[in-house]
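Peer 1: This is the structure, below, for whatever I ask next.
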Amino acid sequence: MLRLYWFHTKRILRGKEELFWALIFPLVMATLFYASFGSGVDLEEMNAIPVAAVRGENVAFTSFLQAMDGDTLAVQEMEEGQALLALSEGEIDGIFYCEKEPSLTVVGTQLPESILGALLEGYLQNASMLEEIGKTHPLKLPAAIAAMSDSQSFIQNVTTQGNVLDNNLTYFFGLIGMACLFGAFMGLTSAMNLRADQSALAARRSVAPTHRRTMVVSELLAAFTIQFFNICILLLYLHFALGISFGEKWYLLLPVCILGSVTGVAYGIFLGSLHLSEGYKTACLVGSSLLMSFLAGMMFANMKDIVAHHAPFLSKINPAALIADAFYSISVYENPSRYLENLALLAIIALVLVTVSFVRLGRERYDSL
Amino acid sequence: MIHMENVVKRYGELVALDHLNLDIREGEVFGLLGPNGSGKTTAMNCLLALLKYDKGSITVFGQEMRPDSYELKRQIGVVPQEVAVFDQMTVQENIDYFCGLYVKDKTRRKEYTEEAIRFAGLEDYRKMLPRKLSGGLLRRLNIACGIAHQPRLVILDEPTVAVDPQSRNRILEGILELNRKGSTIIYTSHYMEEVEQICSRIVILDHGRSIASGTTEELKRMIRTAETILIEGIVLSPEQLSGIQALKHVFQVDYDRGTLHLTVKCTSATHNLIRLLHFLEEEGVSFGQVYSQLPTLNDVFLEITGKELRD
């Protein structure tokens, strides 16, 4: 087993194409991101977001804004013209219109604006309920608003520690998610080298008297080890060369890197074991990894939150989003619940993919070759 | 040693092996000859328990061959048709790796690897990567990886495809040497000359069926053609052609008026040429070059199936 493990470790390390995608490409991307965004990517103190509230007929929404006034928002009541002037001069980050259909006007796309958008989104999802309570039990409206505010977990989480990240860091977290998934290139090659219906080399190995499990485990372990070191190299590069901070609890990154690497490699094995041409499989790998990374915020920072709010299930099954969010949680939150939730979901995905990999690779007799 | 009985393998509507029976004895060089797509590789993959088959039974060394028959597999060496090595690893590392899948003992493995390198004539290339090797050397590496563990049975699936004549001869000599050292060989090919040259017994496959089997001589005796005479640059009248057709032992005459080639097939291999030349002299017919050929395995295949081996 050890001999096979070393052999495959050497083989992967000499495989230029696999290493390019799994290591060099993320390093290059990180450098380009850094060149684009500069070094303004660090933890910063979060203050209450200054907003204007333009009074209207919607009492429930006005009450909601009043409830949020404090740690999260700094609400000032203004006339529309005055509010627009304040917004254009950068005195406030957004204007809430308390009309029958509440609306928001912002000019930027940074984190404060995305928080304001999410706040409005959260309110609208519960608006009919709040309006009903406002009509029937007006005295209970503040309690209902408070309960609803509790469910706005990301706002809650931000406020508990008082830290928030520069939005640019989201790109790097998405990139780390992508780098983990690009471990799939190694998994893909491993699957091609292990399934007799995929290559002559695999067929030759299948007729050898070495136990199938030994072959699969040695190959997977080799791919996983290298991928884990690839991710570590990327993190070290981000931290020491580009000066990106992951907070004080850096040791919490290791479980994410381990599970992310396993998920990436196992994802590649799953793709590699499909009955498709090698070129098609590679295209699927690159396309799906980039799509998952995009949804995790690698190319558009607010995308992660948009997906989390509009299609929460998607963000729970997207390994890139889970990895990015785990990094985010480590850097921002004191409370580890969100980090642990991400880790647990990632572990489930990794377990499912590894199990599927073993089933797909454990097969030893084929219908056709 | 190997017994395949009534093996049927279907790919949907296509019958790849049609009630195939094979018996391979210990110590022989067994040739499986047939055109591309005749079922040679499928038969070997079924034998190695890589492919499921629909019907029949296969035993190797008296035992049923299954994917987990590791003790049986330990005694078998396989050289696939395609070169199947790790491109990132050197010649020596590749041979050592494949040998190590069969031989656990480190000292013995090193010894066997060295022996395989010497056997394949790869001493000067041991540190080279496969992509730096020529086609012939690559084929030799492919063989070395398959036989390094010194198996009792070696299966070679078209090992000389796209190989230069020099390397081909070396490979064929190497196969005979393996056999002399005690290995039983199964050699599949569509090159009849090679099969004729090295195999002690041959089965001819077509459409997944065994259409003939025996030694080369036995196979040749199965057909009518004992001698084929070819004459170039000859002009013949219909009467003269009829005269040739009437000669003793002649059973088929083909005359191409375009190329002026005459082909005469005879059932006996004695004095046919003298009789034919005598007839042409009497008729005053002039002609160019004359060739006399004994039957080949291609003639055997042609006569049984009505098509050329390489069709």
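Chain lettering (A, B, ...) mirrors the order of the structure tokens, residue numbering begins at 1 for each chain separately, and ligand numbering begins at 1 in order of display.
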Which residues are near segment 265-271 of chain A? Cut-off 7 Å, only C-alpha atoms, ignore same chain within fewer than 4 positions. Put them as a ChimeraX atom specification.

Peer 2: /A:183-188,190-191,223-224,261,281,353-354,356-357

Peer 1: Based on only C-alpha atoms, which of the residues in chain B come within 7 Å of chain A? I want them as a list in words.

Peer 2: Leu48, Ala49, Leu50, Leu51, Lys52, Pro67, Tyr70, Glu71, Lys73, Arg74, Glu82, Ala84, Val85, Gln88, Met89, Leu101 and Tyr102 of chain B

Peer 1: Can you write out the residues you just picked, keeping N, CA, C and O atoms, as a PDB file, in the first residue's frame?

Peer 2:
ATOM      1  N   LEU B  48      -9.873 -13.079 -18.809  1.00  0.00           N
ATOM      2  CA  LEU B  48      -9.249 -12.382 -17.672  1.00  0.00           C
ATOM      3  C   LEU B  48     -10.281 -11.864 -16.664  1.00  0.00           C
ATOM      4  O   LEU B  48      -9.921 -11.159 -15.718  1.00  0.00           O
ATOM      5  N   ALA B  49     -11.541 -12.190 -16.891  1.00  0.00           N
ATOM      6  CA  ALA B  49     -12.640 -11.775 -15.996  1.00  0.00           C
ATOM      7  C   ALA B  49     -12.804 -10.262 -15.948  1.00  0.00           C
ATOM      8  O   ALA B  49     -13.286  -9.707 -14.968  1.00  0.00           O
ATOM      9  N   LEU B  50     -12.421  -9.614 -17.039  1.00  0.00           N
ATOM     10  CA  LEU B  50     -12.653  -8.170 -17.127  1.00  0.00           C
ATOM     11  C   LEU B  50     -14.038  -7.901 -17.691  1.00  0.00           C
ATOM     12  O   LEU B  50     -14.684  -6.932 -17.334  1.00  0.00           O
ATOM     13  N   LEU B  51     -14.447  -8.770 -18.596  1.00  0.00           N
ATOM     14  CA  LEU B  51     -15.737  -8.608 -19.264  1.00  0.00           C
ATOM     15  C   LEU B  51     -16.717  -9.661 -18.779  1.00  0.00           C
ATOM     16  O   LEU B  51     -16.340 -10.820 -18.591  1.00  0.00           O
ATOM     17  N   LYS B  52     -17.951  -9.246 -18.592  1.00  0.00           N
ATOM     18  CA  LYS B  52     -19.004 -10.219 -18.298  1.00  0.00           C
ATOM     19  C   LYS B  52     -19.337 -10.933 -19.607  1.00  0.00           C
ATOM     20  O   LYS B  52     -19.284 -10.321 -20.677  1.00  0.00           O
ATOM     21  N   PRO B  67     -13.086 -11.987 -10.970  1.00  0.00           N
ATOM     22  CA  PRO B  67     -12.301 -10.761 -10.723  1.00  0.00           C
ATOM     23  C   PRO B  67     -11.430 -10.838  -9.468  1.00  0.00           C
ATOM     24  O   PRO B  67     -10.391 -10.211  -9.403  1.00  0.00           O
ATOM     25  N   TYR B  70      -7.254 -13.718  -7.201  1.00  0.00           N
ATOM     26  CA  TYR B  70      -5.935 -13.090  -7.160  1.00  0.00           C
ATOM     27  C   TYR B  70      -4.792 -14.093  -7.332  1.00  0.00           C
ATOM     28  O   TYR B  70      -3.772 -13.777  -7.934  1.00  0.00           O
ATOM     29  N   GLU B  71      -4.976 -15.298  -6.808  1.00  0.00           N
ATOM     30  CA  GLU B  71      -3.901 -16.290  -6.939  1.00  0.00           C
ATOM     31  C   GLU B  71      -3.722 -16.717  -8.394  1.00  0.00           C
ATOM     32  O   GLU B  71      -2.601 -16.960  -8.836  1.00  0.00           O
ATOM     33  N   LYS B  73      -4.557 -14.764 -10.965  1.00  0.00           N
ATOM     34  CA  LYS B  73      -4.045 -13.578 -11.668  1.00  0.00           C
ATOM     35  C   LYS B  73      -2.537 -13.435 -11.473  1.00  0.00           C
ATOM     36  O   LYS B  73      -1.828 -12.935 -12.347  1.00  0.00           O
ATOM     37  N   ARG B  74      -2.063 -13.848 -10.309  1.00  0.00           N
ATOM     38  CA  ARG B  74      -0.634 -13.730  -9.999  1.00  0.00           C
ATOM     39  C   ARG B  74       0.222 -14.509 -11.004  1.00  0.00           C
ATOM     40  O   ARG B  74       1.373 -14.188 -11.239  1.00  0.00           O
ATOM     41  N   GLU B  82      -2.970  -1.850 -26.730  1.00  0.00           N
ATOM     42  CA  GLU B  82      -2.518  -0.457 -26.601  1.00  0.00           C
ATOM     43  C   GLU B  82      -1.382  -0.400 -25.603  1.00  0.00           C
ATOM     44  O   GLU B  82      -1.385  -1.157 -24.642  1.00  0.00           O
ATOM     45  N   ALA B  84       0.096   0.520 -22.457  1.00  0.00           N
ATOM     46  CA  ALA B  84      -0.580   0.928 -21.216  1.00  0.00           C
ATOM     47  C   ALA B  84       0.455   1.089 -20.108  1.00  0.00           C
ATOM     48  O   ALA B  84       0.722   0.160 -19.335  1.00  0.00           O
ATOM     49  N   VAL B  85       1.064   2.266 -20.077  1.00  0.00           N
ATOM     50  CA  VAL B  85       2.064   2.575 -19.048  1.00  0.00           C
ATOM     51  C   VAL B  85       1.792   3.988 -18.524  1.00  0.00           C
ATOM     52  O   VAL B  85       1.013   4.730 -19.113  1.00  0.00           O
ATOM     53  N   GLN B  88       4.104   9.593 -16.909  1.00  0.00           N
ATOM     54  CA  GLN B  88       4.919  10.465 -16.049  1.00  0.00           C
ATOM     55  C   GLN B  88       6.076   9.712 -15.394  1.00  0.00           C
ATOM     56  O   GLN B  88       6.919  10.331 -14.755  1.00  0.00           O
ATOM     57  N   MET B  89       6.076   8.386 -15.498  1.00  0.00           N
ATOM     58  CA  MET B  89       7.088   7.600 -14.804  1.00  0.00           C
ATOM     59  C   MET B  89       8.095   7.038 -15.799  1.00  0.00           C
ATOM     60  O   MET B  89       7.761   6.804 -16.971  1.00  0.00           O
ATOM     61  N   LEU B 101       2.954  -5.140  -8.492  1.00  0.00           N
ATOM     62  CA  LEU B 101       1.548  -5.513  -8.312  1.00  0.00           C
ATOM     63  C   LEU B 101       1.408  -7.028  -8.164  1.00  0.00           C
ATOM     64  O   LEU B 101       0.403  -7.530  -7.672  1.00  0.00           O
ATOM     65  N   TYR B 102       2.452  -7.752  -8.615  1.00  0.00           N
ATOM     66  CA  TYR B 102       2.399  -9.213  -8.584  1.00  0.00           C
ATOM     67  C   TYR B 102       3.363  -9.802  -7.548  1.00  0.00           C
ATOM     68  O   TYR B 102       3.107 -10.841  -6.982  1.00  0.00           O
TER      69      TYR B 102
END

Peer 1: For Arg201 of chain B, please output as a list in words all residues within 10 Å (counting only C-alpha atoms; exclusion window: fewer than 2 positions along the same chain).

Peer 2: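 The filter keeps Ile24, Arg25, Glu28, Val29, Phe30, Gly31, Leu32, Ile186, Val195, Glu196, Ile198, Cys199, Val203, Ser213, Gly214, Thr215, Thr216, Glu217, Glu218 and Leu219 of chain B.
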
Peer 1: Pick from B:Ile95, B:Ala246, B:Glu308, B:Pro295: nearest to Asn36 of chain B, with only C-alpha atoms counted?

Peer 2: B:Glu308

Peer 1: Do you have, as a tab-separated table, the list of residues of segment 276-296 of chain A lying at most 10 Å from segment 304-320 of chain A, each with its nearest atom pair and that distance in Å to one decimal, counting only C-alpha atoms and ordered by chain then number?

Peer 2:
residue	atom	partner	partner_atom	distance
A:Ser289	CA	A:Ala320	CA	8.0
A:Leu290	CA	A:Ala320	CA	9.3
A:Leu291	CA	A:Ala320	CA	9.4
A:Met292	CA	A:Ala320	CA	5.8
A:Ser293	CA	A:Ala320	CA	5.5
A:Phe294	CA	A:Lys304	CA	8.3
A:Leu295	CA	A:Lys304	CA	5.7
A:Ala296	CA	A:Lys304	CA	4.8

Peer 1: Please, could you write that set of residues out with N, CA and C atoms as a PDB file, in the first residue's frame?

Peer 2:
ATOM      1  N   SER A 289     -17.168  23.435 -12.035  1.00  0.00           N
ATOM      2  CA  SER A 289     -16.374  24.022 -10.938  1.00  0.00           C
ATOM      3  C   SER A 289     -16.450  25.548 -10.985  1.00  0.00           C
ATOM      4  N   LEU A 290     -16.339  26.079 -12.205  1.00  0.00           N
ATOM      5  CA  LEU A 290     -16.396  27.540 -12.326  1.00  0.00           C
ATOM      6  C   LEU A 290     -17.788  28.064 -11.985  1.00  0.00           C
ATOM      7  N   LEU A 291     -18.821  27.315 -12.387  1.00  0.00           N
ATOM      8  CA  LEU A 291     -20.189  27.728 -12.060  1.00  0.00           C
ATOM      9  C   LEU A 291     -20.387  27.735 -10.535  1.00  0.00           C
ATOM     10  N   MET A 292     -19.922  26.669  -9.893  1.00  0.00           N
ATOM     11  CA  MET A 292     -20.069  26.598  -8.430  1.00  0.00           C
ATOM     12  C   MET A 292     -19.283  27.730  -7.761  1.00  0.00           C
ATOM     13  N   SER A 293     -18.103  28.026  -8.310  1.00  0.00           N
ATOM     14  CA  SER A 293     -17.285  29.101  -7.738  1.00  0.00           C
ATOM     15  C   SER A 293     -17.950  30.456  -7.970  1.00  0.00           C
ATOM     16  N   PHE A 294     -18.569  30.614  -9.137  1.00  0.00           N
ATOM     17  CA  PHE A 294     -19.302  31.852  -9.430  1.00  0.00           C
ATOM     18  C   PHE A 294     -20.436  32.044  -8.419  1.00  0.00           C
ATOM     19  N   LEU A 295     -21.176  30.954  -8.186  1.00  0.00           N
ATOM     20  CA  LEU A 295     -22.290  31.032  -7.231  1.00  0.00           C
ATOM     21  C   LEU A 295     -21.781  31.222  -5.803  1.00  0.00           C
ATOM     22  N   ALA A 296     -20.498  30.909  -5.597  1.00  0.00           N
ATOM     23  CA  ALA A 296     -19.904  31.111  -4.268  1.00  0.00           C
ATOM     24  C   ALA A 296     -19.323  32.513  -4.128  1.00  0.00           C
TER      25      ALA A 296
END

Peer 1: With a distance cut-off of 9 Å and only C-alpha atoms, select the neighbouring residues of Leu116 of chain A, excluding the residue or stretch itself and same-chain residues fewer than 2 positions from it, and output the selection as a VMD selection string.

Peer 2: chain A and resid 49 51 73 93 to 94 96 104 106 111 to 114 118 to 121

Peer 1: Please indicate the distance in Å from atom CA of Gln198 of chain A to atom CA of Leu133 of chain B, rounded to one decimal place.

Peer 2: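 One can read the atom CA of Gln198 of chain A to atom CA of Leu133 of chain B distance as 24.0 Å.
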
Peer 1: Taking 5 positions as the minimum chain separation for residues in the same chain, which residues sit within 12 Å of Val285 of chain B when counting only C-alpha atoms? Answer as a ChimeraX atom specification.

Peer 2: /B:231,233-237,240-241,276-280

Peer 1: Quick one: everything within 9 Å of Val264 of chain B, counting only C-alpha atoms, minus sequence neighbours fewer than 3 positions away in the same chain. Send it as a ChimeraX atom specification.

Peer 2: /B:227-231,244-245,250-255

Peer 1: Mind pulling up the distance from atom CA of Val161 of chain B to atom CA of Gly306 of chain B?

Peer 2: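 If I compute the distance from atom CA of Gly306 of chain B to atom CA of Val161 of chain B, I get 24.8 Å.
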
Peer 1: Quick one, how far is atom CA of Tyr125 of chain B from atom CA of Glu17 of chain A?

Peer 2: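 Taking atom CA of Tyr125 of chain B as the start and atom CA of Glu17 of chain A as the end point, the length is 24.5 Å.
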